[in-house]
Amino acid sequence: MQIRERMFNRGQNGYNRLLADHTYLNKDTEEEFLCYGYRTDQCKEAVFLVLVVLTGGLVLLLLQWRPQMVCYLRKRRCSLSHADTILLQDTYKQYSIASIEEKTFPQSCQFLKDFVSSGTQAVDSDYESPADTSGLIVSQEEFKLRYFDHQHVRYLWDRGSQVFSKLKDLSEGTKCVNIQESFYGLSAREQNQKQLVYGENSIEVEVKSYWRLFIEEVMNPFYVFQIASIILWLCDQYYYYAACILFISLMSIGISLYETKRQSKTLHDMVSTQAQTISVCRGEEVYEDVPTGKLVPGDVIAIPQHGCVMTCDAVLITGTCIVNESMLTGESVPVTKTPMTHQEDEEVYSPDNHKRHTLFSGTHILQTRFYGNSKVKAVVVRTGFRTAKGELVRAILFPKPLDMKFYRDAMKFILFLGCMAALGMTYSIIIYVKQGIYPMKIVVRVLDIITIIVPPALPAAMTVGTVFAQSRLKKKGIYCISPPRINFCGRLDVFCFDKTGTLTEDGLDMLGVLPIKNAGFCGVVDDPSTLEVGPFLTCMATCHSLTVIDGELSGDPLDLIMFNSTKWVLEEPGKDTSKFDTIMPTVVRPCTKDTFTSSENPFEVGIIRQFTFSSSVQRMSVITRTLSEDGMQLFCKGAPEKIASLCQQDTVPHEFHDILHRYTIQGYRVIALAHKKMDPKLTWHQAQRISRDKVEFNMTFLGMIVLQNKLKPETKPAIHKLREARIRTVMVTGDMIQTAISVARNCGMIPIKDRVIIIEASPPDAHGPANIKWVTAETPDEGTDYYTDSDYLEDVHIDLENPHKMHNFHFAVSGQAFAVLTTHFPEYIPRVVVKGTVFARMSPDQKLQLIEELQNIGYNVGMCGDGANDCEALKAAHAGISLSEAEASVAAPFTSSIPNIECVIRVMREGRAALVTSFGCFKYMALYSFIQYVSVLILYTFDANLADMQFLYVDLVITTSVAVLMGYSGAYHKLVPQRPPGSLVKPSNLLSIIAQILLVIIFQISAFLYLHFQPWYKPAPKNLDADNTHCWETTVIFLVSTYQYIASAFVFSKGPPFREPIYKNVPFLLTLCSLFAFSTYLLMLPFKPILDFFNLMELHTKSVEFRSVLLAFSVGFIFAACLLEYLIMDVKCTKKCLNSCSHCCGNGDEKKDHYRKIQNEIQLSNWPPIGQVTYASLNEPHVEIEEELMRSQGAILVN
């Protein structure tokens, strides 16, 4: 019975999935989608056609703006197995549609059958595939493949689990041993079959034609609204106005199309690769040249001797390559790529973990090296948009929505304007019905209210500041590929920095070396070249990845300074791209007279094998052979603590840790050296295949190299400016924690009086659970290397009531500790990232994780790095800046050719200026709408309206010129502690706009009442068309309102502390003065032809007193508006009161306040428990009473 029931449940689960109409794609990833199945419905299609006819095609616009409506109106929901269309909803609630395609393949295509039937694991372990596969099988000779493409990613229908799954390649779930031993080359037939599935190997950014761009632009809601407005104005006989707005709109579209096309072309040129051919192995060393576009995963390619630009991701299996990866990382230092080794056989291949063996698409192969007659071969693992380069390009083409409160509030405010329009329309209908106006005129005038209160130019005006800021940044050598990010730069709270190459110089200075002599350090030797030729000097000369490119030695800066200090010479066999074999390895030799003139065998060392540096193992090593000597030797260099752990302990001096601590605490970079004699029986071929873990142990410690990584001259002043502006600074580096702390102190990230608490976290082991030790770091005293108790306690601020508590402290966390905290102490992560200033030995993934943790607690985060190991973090930050010589790279939203962190200050200043400009333009456009709205409602009351030329003058001459030039103001020269407002609906902003609107109403009504009480005034004659434009009501309201537009522009164009003073924006100031002068001329010195042009009444026939009073009203409004904005709204007292009211009403930004709450909690608590140990199991502090431990770590023991 139980067996039968279980079988029934299995079958039921399987058929339930078969009938499922939705599923999740890429579950629990950033690219998670909710996927719904739809298919064509003939009845709905017929109804839809009727809707199109009845609405005059307007329903098609709805489909353009809301893609999901295509499915709702034209298709019906169905199971995924029978769907012909997929509706996708991402985590941001955005919808997109994809059509399901089908391809037929022969049954002989075994690789595809295996993939489709078992490409993904079954959703349920009890699942048995349904017997009905008629939807997949076409015949005994053929079968059908169903798939769809979304954002350049292909998803296949998996008939095993009855879901769509992402097309896989060799970068997922493939063991390294399989890559090395299972691929001998695909036949042309296999390659063609695979290409039908994987598609062409290319990364093409579509450059749309002008006609297509025009159609898409015109379909934008903004331009649809413009077109509707123009039609409405034509119906109301505003021909000149409609014609001018149409001309301006066409000009705007033209400029937009040109800019869009230019940016698309730039991106296309940046990521495209020139068509080329490459040699592909067809098995048994048979090669054929094929276009790179035909490459598929599994192909074995031969890298050309003279290099090439990679068009796919491939794993080296033979030979060595020197690669420039600046296109992807922004790092221009060549990188050595080595073949995959057998030590990694059991590992699952990962492009991130095995990047030293991976040639990435878009990188430039500078040089190839190969052994004997072998070619430099690589196995293709990813192609097209699935490559690392393709993923970065996809991130640009399909960016995550920028969730900035400013844009959300803008939409809310537009809805508010829509509500105001509804009130105005209701008022107008009541007035016109009472006056007996023709119904058609009522419709036209009422609809005209919408075009007045919701200005069509609002979206364009809001981007003006960003456009000018981007232009100014470009002139300063800072390039931006994501302009909306500029506004984010104005709200940053914390900025993270890489250390080497960002805060410090790229190059290093040799301070000296500390060789071992008689089981101890023999003191600092300033010039290593003076040492006797021996293991220490030989290790410095051989343990590197340097190579000769175009006659110059090139490679990692550390390797260069180390090798050059030996004054040896390096020779490579033959030309740069030639082969080298057992007889001709890379050779180094001392540069002495005896070396070149001695008749005896000279001292030469050949580098036989390289184990390249890896951040995961923190070391590199080489196997060498010295001429005229038997056997080989291993030389190794790397992180001192790692090298010491791999050496025979009796060869490591007892003062090792003290000496290391002495140098690292002062900020020096320390590298340890070791060597080992290899088994004499080891042959050259065996050396090529041996794994590093079988040789890198039981070594002899040789000594240490001490290098000075100087701060860039601009670093300390830049950090000081950021701290003055209350921008928190954080260092995220791969260097040692003591070195990082020292650099943080030297550059000012950690003030002299502040203390550093090192979090030493250990994972669980056989002796106990995971634990955290809270240890206080030492502070180097100027001129001395030793510290007394009084020196140590001098700067520690101890609360007598809470002796554990220490004010102004900073956490320093290593990558290992960060991993333990994340896994075993997740509740501490928010506190650690709030107080953490130094994060050392961090991997690229951990850098990304840190950025996301900061964002999760409400920080707006910036990141600055050299791009090499920071790509993911740079892209995840709200503002990522890559320091690179390239004009632009896909490594980050911002690329700076300024090689120091001064660019951070400039980007933040421009971001603040752009954000304030956007606010100013928005507030001006809103007030401009209300001014015209009030004017029109007053005139509607008396059957009047503004004339054609009056509308044209206000909208074209005043508003357009003012809105554009308002954004021309540059950024303020100083970064100040205040932040620009981030919300339009803040009480201060709303009160400012509302107060200005009340002023507008008061002064316009006052001017009208003054006109009404004139003895000569006669109301406008009744007109059932409601088109009285030549009347005194229109004349007075128009003239007074022109001053109000000018005053509003002046009031909302604020200068310091975020923008330059208004007098520095000369074009804007001249425009305001000219407009004021012209309005005054119209009012006080009326010239009849000009009055006729604007359809104004004959002002010159009225007294100067009447005109002077109107001028007084206008000037009075200007003074009142300035007084209100600058002396009331901008006063700190007013802002504090409004903010207090906002918090009392519960309108604060809870996410933004999260990190502040954490800061307050830490300030009011006894945390962290300094000098104690916290265990994961109990999660309570435990005092570790161990005198030697406390003394060596400098912890404060509190009983």
# chains A, B, ... in the order shown; residues from 1 in each chain; ligands from 1
$ residues_around --residues "region 653-670 of chain A" --least-positions-apart "6" --cutoff "7 Å" --atoms "only C-alpha atoms" --output "PyMOL selection string"
chain A and resi 519-520+640+704-709+738-740+742-743+780+785
$ write_last_selection --atoms "all heavy atoms" --output "mmCIF file, in the first residue's frame"
data_model
loop_
_atom_site.group_PDB
_atom_site.id
_atom_site.type_symbol
_atom_site.label_atom_id
_atom_site.label_comp_id
_atom_site.auth_asym_id
_atom_site.auth_seq_id
_atom_site.Cartn_x
_atom_site.Cartn_y
_atom_site.Cartn_z
ATOM 1 N N ALA A 519 71.163 31.327 12.120
ATOM 2 C CA ALA A 519 69.831 31.102 12.707
ATOM 3 C C ALA A 519 69.181 32.383 13.221
ATOM 4 O O ALA A 519 68.259 32.343 14.043
ATOM 5 C CB ALA A 519 69.894 30.069 13.824
ATOM 6 N N GLY A 520 69.651 33.542 12.742
ATOM 7 C CA GLY A 520 69.042 34.805 13.167
ATOM 8 C C GLY A 520 69.173 35.847 12.073
ATOM 9 O O GLY A 520 69.947 35.695 11.112
ATOM 10 N N PRO A 640 54.639 36.675 4.914
ATOM 11 C CA PRO A 640 55.571 36.125 5.915
ATOM 12 C C PRO A 640 54.967 35.039 6.797
ATOM 13 O O PRO A 640 55.581 33.998 7.027
ATOM 14 C CB PRO A 640 55.970 37.358 6.739
ATOM 15 C CG PRO A 640 55.791 38.497 5.797
ATOM 16 C CD PRO A 640 54.617 38.141 4.946
ATOM 17 N N MET A 704 63.731 38.071 4.899
ATOM 18 C CA MET A 704 62.603 38.911 4.490
ATOM 19 C C MET A 704 63.082 40.114 3.682
ATOM 20 O O MET A 704 64.214 40.584 3.849
ATOM 21 C CB MET A 704 61.823 39.391 5.721
ATOM 22 C CG MET A 704 61.175 38.254 6.505
ATOM 23 S SD MET A 704 60.056 38.818 7.802
ATOM 24 C CE MET A 704 61.210 39.589 8.946
ATOM 25 N N ILE A 705 62.192 40.569 2.812
ATOM 26 C CA ILE A 705 62.408 41.806 2.050
ATOM 27 C C ILE A 705 61.457 42.851 2.612
ATOM 28 O O ILE A 705 60.265 42.581 2.788
ATOM 29 C CB ILE A 705 62.115 41.599 0.551
ATOM 30 C CG1 ILE A 705 62.973 40.471 -0.014
ATOM 31 C CG2 ILE A 705 62.316 42.877 -0.235
ATOM 32 C CD1 ILE A 705 62.592 40.084 -1.437
ATOM 33 N N VAL A 706 61.955 44.039 2.896
ATOM 34 C CA VAL A 706 61.136 45.126 3.432
ATOM 35 C C VAL A 706 61.005 46.203 2.364
ATOM 36 O O VAL A 706 62.003 46.770 1.904
ATOM 37 C CB VAL A 706 61.747 45.711 4.715
ATOM 38 C CG1 VAL A 706 60.821 46.773 5.303
ATOM 39 C CG2 VAL A 706 62.002 44.613 5.739
ATOM 40 N N LEU A 707 59.770 46.453 1.967
ATOM 41 C CA LEU A 707 59.486 47.426 0.919
ATOM 42 C C LEU A 707 58.623 48.548 1.482
ATOM 43 O O LEU A 707 57.787 48.323 2.357
ATOM 44 C CB LEU A 707 58.754 46.763 -0.252
ATOM 45 C CG LEU A 707 59.502 45.596 -0.901
ATOM 46 C CD1 LEU A 707 58.525 44.586 -1.447
ATOM 47 C CD2 LEU A 707 60.400 46.093 -2.014
ATOM 48 N N GLN A 708 58.852 49.722 0.962
ATOM 49 C CA GLN A 708 58.069 50.872 1.404
ATOM 50 C C GLN A 708 57.078 51.238 0.314
ATOM 51 O O GLN A 708 57.459 51.511 -0.827
ATOM 52 C CB GLN A 708 58.985 52.055 1.719
ATOM 53 C CG GLN A 708 58.251 53.222 2.341
ATOM 54 C CD GLN A 708 59.200 54.325 2.758
ATOM 55 O OE1 GLN A 708 60.365 54.324 2.384
ATOM 56 N NE2 GLN A 708 58.719 55.269 3.543
ATOM 57 N N ASN A 709 55.799 51.223 0.689
ATOM 58 C CA ASN A 709 54.743 51.592 -0.264
ATOM 59 C C ASN A 709 54.251 52.978 0.139
ATOM 60 O O ASN A 709 53.369 53.121 0.973
ATOM 61 C CB ASN A 709 53.618 50.553 -0.205
ATOM 62 C CG ASN A 709 52.666 50.641 -1.372
ATOM 63 O OD1 ASN A 709 51.600 50.079 -1.344
ATOM 64 N ND2 ASN A 709 53.039 51.371 -2.427
ATOM 65 N N GLN A 738 48.327 44.620 9.749
ATOM 66 C CA GLN A 738 49.143 45.614 10.451
ATOM 67 C C GLN A 738 49.613 46.708 9.487
ATOM 68 O O GLN A 738 49.631 47.887 9.835
ATOM 69 C CB GLN A 738 50.351 44.931 11.116
ATOM 70 C CG GLN A 738 50.004 44.016 12.275
ATOM 71 C CD GLN A 738 49.523 44.778 13.500
ATOM 72 O OE1 GLN A 738 49.470 45.996 13.493
ATOM 73 N NE2 GLN A 738 49.139 44.048 14.548
ATOM 74 N N THR A 739 49.983 46.299 8.271
ATOM 75 C CA THR A 739 50.388 47.283 7.266
ATOM 76 C C THR A 739 49.217 48.194 6.923
ATOM 77 O O THR A 739 49.370 49.410 6.805
ATOM 78 C CB THR A 739 50.885 46.570 5.991
ATOM 79 O OG1 THR A 739 51.967 45.706 6.337
ATOM 80 C CG2 THR A 739 51.339 47.565 4.952
ATOM 81 N N ALA A 740 48.039 47.608 6.759
ATOM 82 C CA ALA A 740 46.855 48.390 6.413
ATOM 83 C C ALA A 740 46.505 49.382 7.526
ATOM 84 O O ALA A 740 46.147 50.535 7.254
ATOM 85 C CB ALA A 740 45.681 47.457 6.145
ATOM 86 N N SER A 742 48.580 50.724 9.649
ATOM 87 C CA SER A 742 49.588 51.784 9.615
ATOM 88 C C SER A 742 49.289 52.794 8.513
ATOM 89 O O SER A 742 49.356 54.001 8.721
ATOM 90 C CB SER A 742 50.979 51.172 9.412
ATOM 91 O OG SER A 742 51.940 52.180 9.259
ATOM 92 N N VAL A 743 48.954 52.294 7.315
ATOM 93 C CA VAL A 743 48.632 53.197 6.208
ATOM 94 C C VAL A 743 47.379 54.014 6.536
ATOM 95 O O VAL A 743 47.305 55.204 6.238
ATOM 96 C CB VAL A 743 48.432 52.396 4.899
ATOM 97 C CG1 VAL A 743 47.906 53.290 3.790
ATOM 98 C CG2 VAL A 743 49.742 51.752 4.476
ATOM 99 N N PRO A 780 52.352 52.824 16.805
ATOM 100 C CA PRO A 780 53.784 53.096 16.722
ATOM 101 C C PRO A 780 54.100 54.487 17.255
ATOM 102 O O PRO A 780 53.436 55.453 16.918
ATOM 103 C CB PRO A 780 54.060 53.005 15.213
ATOM 104 C CG PRO A 780 52.749 53.290 14.568
ATOM 105 C CD PRO A 780 51.708 52.785 15.486
ATOM 106 N N ASP A 785 60.718 52.120 18.813
ATOM 107 C CA ASP A 785 60.120 50.857 18.428
ATOM 108 C C ASP A 785 59.491 50.139 19.614
ATOM 109 O O ASP A 785 58.913 49.082 19.460
ATOM 110 C CB ASP A 785 61.164 49.944 17.798
ATOM 111 C CG ASP A 785 61.628 50.468 16.459
ATOM 112 O OD1 ASP A 785 60.798 51.055 15.732
ATOM 113 O OD2 ASP A 785 62.799 50.285 16.154
#
$ atom_distance --atom1 "CA of Lys261 (chain A)" --atom2 "CA of Lys208 (chain A)"
7.2 Å
$ closest_residue --among "A:Ile431, A:Met842, A:Ala995, A:Cys308" --to "Met1129 (chain A)" --atoms "only C-alpha atoms"
A:Ala995
$ closest_residue --among "A:Pro557, A:Phe1008, A:Ala188, A:Arg356" --to "Glu288 (chain A)" --atoms "only C-alpha atoms"
A:Ala188
$ residues_around --residues "Pro515 (chain A)" --least-positions-apart "5" --cutoff "7 Å" --atoms "only C-alpha atoms" --output "MDAnalysis selection string"
chainID A and resid 521:522 536 702:704
$ write_last_selection --atoms "N, CA and C atoms" --output "PDB file, in the first residue's frame"
ATOM      1  N   PHE A 521      68.413  36.930  12.196  1.00  0.00           N
ATOM      2  CA  PHE A 521      68.501  38.012  11.210  1.00  0.00           C
ATOM      3  C   PHE A 521      69.808  38.767  11.421  1.00  0.00           C
ATOM      4  N   CYS A 522      70.477  39.055  10.324  1.00  0.00           N
ATOM      5  CA  CYS A 522      71.791  39.707  10.438  1.00  0.00           C
ATOM      6  C   CYS A 522      71.710  41.214  10.277  1.00  0.00           C
ATOM      7  N   PHE A 536      69.551  33.347  -0.949  1.00  0.00           N
ATOM      8  CA  PHE A 536      68.725  34.533  -0.738  1.00  0.00           C
ATOM      9  C   PHE A 536      68.679  35.392  -1.998  1.00  0.00           C
ATOM     10  N   LEU A 702      64.713  31.827   4.444  1.00  0.00           N
ATOM     11  CA  LEU A 702      65.889  32.576   3.996  1.00  0.00           C
ATOM     12  C   LEU A 702      65.969  33.982   4.564  1.00  0.00           C
ATOM     13  N   GLY A 703      64.818  34.585   4.846  1.00  0.00           N
ATOM     14  CA  GLY A 703      64.833  35.962   5.330  1.00  0.00           C
ATOM     15  C   GLY A 703      63.642  36.735   4.795  1.00  0.00           C
ATOM     16  N   MET A 704      63.731  38.071   4.899  1.00  0.00           N
ATOM     17  CA  MET A 704      62.603  38.911   4.490  1.00  0.00           C
ATOM     18  C   MET A 704      63.082  40.114   3.682  1.00  0.00           C
TER      19      MET A 704
END
$ closest_residue --among "A:Lys103, A:Val569, A:Ile245, A:Arg39" --to "His82 (chain A)" --atoms "only C-alpha atoms"
A:Arg39
$ residues_around --residues "Leu34 (chain A)" --least-positions-apart "2" --cutoff "9 Å" --atoms "only C-alpha atoms" --output "ChimeraX atom specification"
/A:22-25,27,32,36,87-91
$ select_by_dssp --residues "region 952-1041 of chain A" --states "helix (DSSP H, G or I)" --output "PyMOL selection string"
chain A and resi 952-966+987-1012+1032-1041
$ closest_residue --among "A:Pro769, A:Gly37, A:Pro351, A:Pro826" --to "Ala83 (chain A)" --atoms "only C-alpha atoms"
A:Gly37
$ atom_distance --atom1 "CA of Leu1009 (chain A)" --atom2 "CA of Leu946 (chain A)"
18.1 Å
$ residues_around --residues "Phe919 (chain A)" --least-positions-apart "4" --cutoff "12 Å" --atoms "only C-alpha atoms" --output "VMD selection string"
chain A and resid 406 to 407 409 to 410 458 to 459 461 to 466 487 490 912 to 915 923 to 926 963 966 to 967 980 to 986 989 to 990 993 1052 to 1054 1058
$ residues_around --residues "Ile690 (chain A)" --least-positions-apart "3" --cutoff "8 Å" --atoms "only C-alpha atoms" --output "list in words"
Thr341, His342, Gln343, Gln686, Ala687 and Lys694 of chain A
$ write_last_selection --atoms "all heavy atoms" --output "PDB file, in the first residue's frame"
ATOM      1  N   THR A 341      47.174  22.842 -13.796  1.00  0.00           N
ATOM      2  CA  THR A 341      48.054  21.773 -13.328  1.00  0.00           C
ATOM      3  C   THR A 341      47.232  20.607 -12.780  1.00  0.00           C
ATOM      4  O   THR A 341      46.052  20.741 -12.462  1.00  0.00           O
ATOM      5  CB  THR A 341      48.970  22.298 -12.222  1.00  0.00           C
ATOM      6  OG1 THR A 341      48.160  22.735 -11.121  1.00  0.00           O
ATOM      7  CG2 THR A 341      49.805  23.466 -12.717  1.00  0.00           C
ATOM      8  N   HIS A 342      47.905  19.479 -12.625  1.00  0.00           N
ATOM      9  CA  HIS A 342      47.214  18.282 -12.143  1.00  0.00           C
ATOM     10  C   HIS A 342      46.923  18.345 -10.654  1.00  0.00           C
ATOM     11  O   HIS A 342      46.166  17.527 -10.139  1.00  0.00           O
ATOM     12  CB  HIS A 342      48.055  17.038 -12.467  1.00  0.00           C
ATOM     13  CG  HIS A 342      47.990  16.658 -13.909  1.00  0.00           C
ATOM     14  ND1 HIS A 342      46.930  15.973 -14.450  1.00  0.00           N
ATOM     15  CD2 HIS A 342      48.852  16.907 -14.936  1.00  0.00           C
ATOM     16  CE1 HIS A 342      47.137  15.794 -15.741  1.00  0.00           C
ATOM     17  NE2 HIS A 342      48.301  16.349 -16.063  1.00  0.00           N
ATOM     18  N   GLN A 343      47.512  19.309  -9.941  1.00  0.00           N
ATOM     19  CA  GLN A 343      47.188  19.453  -8.534  1.00  0.00           C
ATOM     20  C   GLN A 343      45.729  19.872  -8.357  1.00  0.00           C
ATOM     21  O   GLN A 343      45.137  19.693  -7.300  1.00  0.00           O
ATOM     22  CB  GLN A 343      48.109  20.475  -7.874  1.00  0.00           C
ATOM     23  CG  GLN A 343      47.678  21.924  -8.099  1.00  0.00           C
ATOM     24  CD  GLN A 343      48.532  22.899  -7.348  1.00  0.00           C
ATOM     25  OE1 GLN A 343      49.548  23.340  -7.837  1.00  0.00           O
ATOM     26  NE2 GLN A 343      48.109  23.246  -6.152  1.00  0.00           N
ATOM     27  N   GLN A 686      59.002  15.770 -15.138  1.00  0.00           N
ATOM     28  CA  GLN A 686      58.273  15.597 -13.887  1.00  0.00           C
ATOM     29  C   GLN A 686      58.025  16.947 -13.214  1.00  0.00           C
ATOM     30  O   GLN A 686      56.975  17.174 -12.614  1.00  0.00           O
ATOM     31  CB  GLN A 686      59.046  14.678 -12.946  1.00  0.00           C
ATOM     32  CG  GLN A 686      59.066  13.216 -13.384  1.00  0.00           C
ATOM     33  CD  GLN A 686      59.995  12.374 -12.521  1.00  0.00           C
ATOM     34  OE1 GLN A 686      60.942  12.888 -11.921  1.00  0.00           O
ATOM     35  NE2 GLN A 686      59.725  11.067 -12.476  1.00  0.00           N
ATOM     36  N   ALA A 687      59.007  17.837 -13.334  1.00  0.00           N
ATOM     37  CA  ALA A 687      58.871  19.172 -12.734  1.00  0.00           C
ATOM     38  C   ALA A 687      57.712  19.942 -13.364  1.00  0.00           C
ATOM     39  O   ALA A 687      57.075  20.774 -12.710  1.00  0.00           O
ATOM     40  CB  ALA A 687      60.176  19.958 -12.893  1.00  0.00           C
ATOM     41  N   LYS A 694      52.962  19.503  -3.319  1.00  0.00           N
ATOM     42  CA  LYS A 694      53.917  18.419  -3.093  1.00  0.00           C
ATOM     43  C   LYS A 694      55.355  18.918  -2.975  1.00  0.00           C
ATOM     44  O   LYS A 694      56.261  18.134  -2.700  1.00  0.00           O
ATOM     45  CB  LYS A 694      53.808  17.398  -4.217  1.00  0.00           C
ATOM     46  CG  LYS A 694      52.477  16.654  -4.222  1.00  0.00           C
ATOM     47  CD  LYS A 694      52.398  15.637  -5.339  1.00  0.00           C
ATOM     48  CE  LYS A 694      51.052  14.904  -5.312  1.00  0.00           C
ATOM     49  NZ  LYS A 694      50.916  13.946  -6.428  1.00  0.00           N
TER      50      LYS A 694
END
$ residues_around --residues "Phe613 (chain A)" --least-positions-apart "5" --cutoff "9 Å" --atoms "only C-alpha atoms" --output "PyMOL selection string"
chain A and resi 356+544-545+618-621+638
$ closest_residue --among "A:Val53, A:Ile97, A:Met699, A:Ile905" --to "Tyr72 (chain A)" --atoms "only C-alpha atoms"
A:Ile97
$ closest_residue --among "A:Asp506, A:Asp765, A:Glu101, A:Asp1092" --to "Gln950 (chain A)" --atoms "only C-alpha atoms"
A:Asp1092
$ atom_distance --atom1 "CA of Phe385 (chain A)" --atom2 "CA of Glu200 (chain A)"
9.8 Å
$ closest_atom_pairs --of "region 348-423 of chain A" --to "region 853-876 of chain A" --cutoff "10 Å" --atoms "only C-alpha atoms" --output "tab-separated table"
residue	atom	partner	partner_atom	distance
A:Leu392	CA	A:Lys875	CA	9.1
A:Ala395	CA	A:Lys875	CA	8.6
A:Ile396	CA	A:Lys875	CA	9.7
A:Pro399	CA	A:Lys875	CA	9.9
A:Lys400	CA	A:Ala876	CA	9.6
$ decode --residues "region 672-724 of chain A" --atoms "C-alpha atoms" --output "CSV table (one decimal), in the first residue's frame"
chain,number,residue,atom,x,y,z
A,672,ALA,CA,59.4,36.4,3.2
A,673,LEU,CA,61.7,34.2,1.1
A,674,ALA,CA,62.3,30.4,1.4
A,675,HIS,CA,64.0,27.7,-0.6
A,676,LYS,CA,64.3,23.9,-0.8
A,677,LYS,CA,66.6,21.5,-2.6
A,678,MET,CA,64.5,19.1,-4.8
A,679,ASP,CA,65.0,15.4,-5.1
A,680,PRO,CA,68.0,14.8,-7.4
A,681,LYS,CA,65.9,12.2,-9.3
A,682,LEU,CA,63.3,14.8,-10.3
A,683,THR,CA,63.4,15.2,-14.1
A,684,TRP,CA,62.5,18.2,-16.1
A,685,HIS,CA,59.3,16.6,-17.4
A,686,GLN,CA,58.3,15.6,-13.9
A,687,ALA,CA,58.9,19.2,-12.7
A,688,GLN,CA,56.3,20.4,-15.3
A,689,ARG,CA,53.6,18.1,-13.9
A,690,ILE,CA,54.2,18.1,-10.2
A,691,SER,CA,51.7,20.0,-8.0
A,692,ARG,CA,52.8,22.8,-5.8
A,693,ASP,CA,51.4,21.3,-2.6
A,694,LYS,CA,53.9,18.4,-3.1
A,695,VAL,CA,56.9,20.7,-3.1
A,696,GLU,CA,55.9,23.8,-1.1
A,697,PHE,CA,56.6,22.4,2.4
A,698,ASN,CA,59.5,21.6,4.7
A,699,MET,CA,61.4,24.6,3.2
A,700,THR,CA,64.3,26.6,4.7
A,701,PHE,CA,63.5,30.1,5.7
A,702,LEU,CA,65.9,32.6,4.0
A,703,GLY,CA,64.8,36.0,5.3
A,704,MET,CA,62.6,38.9,4.5
A,705,ILE,CA,62.4,41.8,2.0
A,706,VAL,CA,61.1,45.1,3.4
A,707,LEU,CA,59.5,47.4,0.9
A,708,GLN,CA,58.1,50.9,1.4
A,709,ASN,CA,54.7,51.6,-0.3
A,710,LYS,CA,54.6,55.4,0.0
A,711,LEU,CA,51.3,57.2,0.2
A,712,LYS,CA,50.5,59.3,-2.9
A,713,PRO,CA,51.0,63.0,-2.1
A,714,GLU,CA,47.3,63.6,-2.8
A,715,THR,CA,46.0,60.9,-0.5
A,716,LYS,CA,46.3,62.6,2.9
A,717,PRO,CA,44.8,65.9,1.9
A,718,ALA,CA,41.9,64.1,0.1
A,719,ILE,CA,41.2,61.9,3.2
A,720,HIS,CA,41.3,65.0,5.4
A,721,LYS,CA,38.8,66.8,3.1
A,722,LEU,CA,36.5,63.8,3.3
A,723,ARG,CA,36.7,63.6,7.1
A,724,GLU,CA,36.0,67.3,7.3
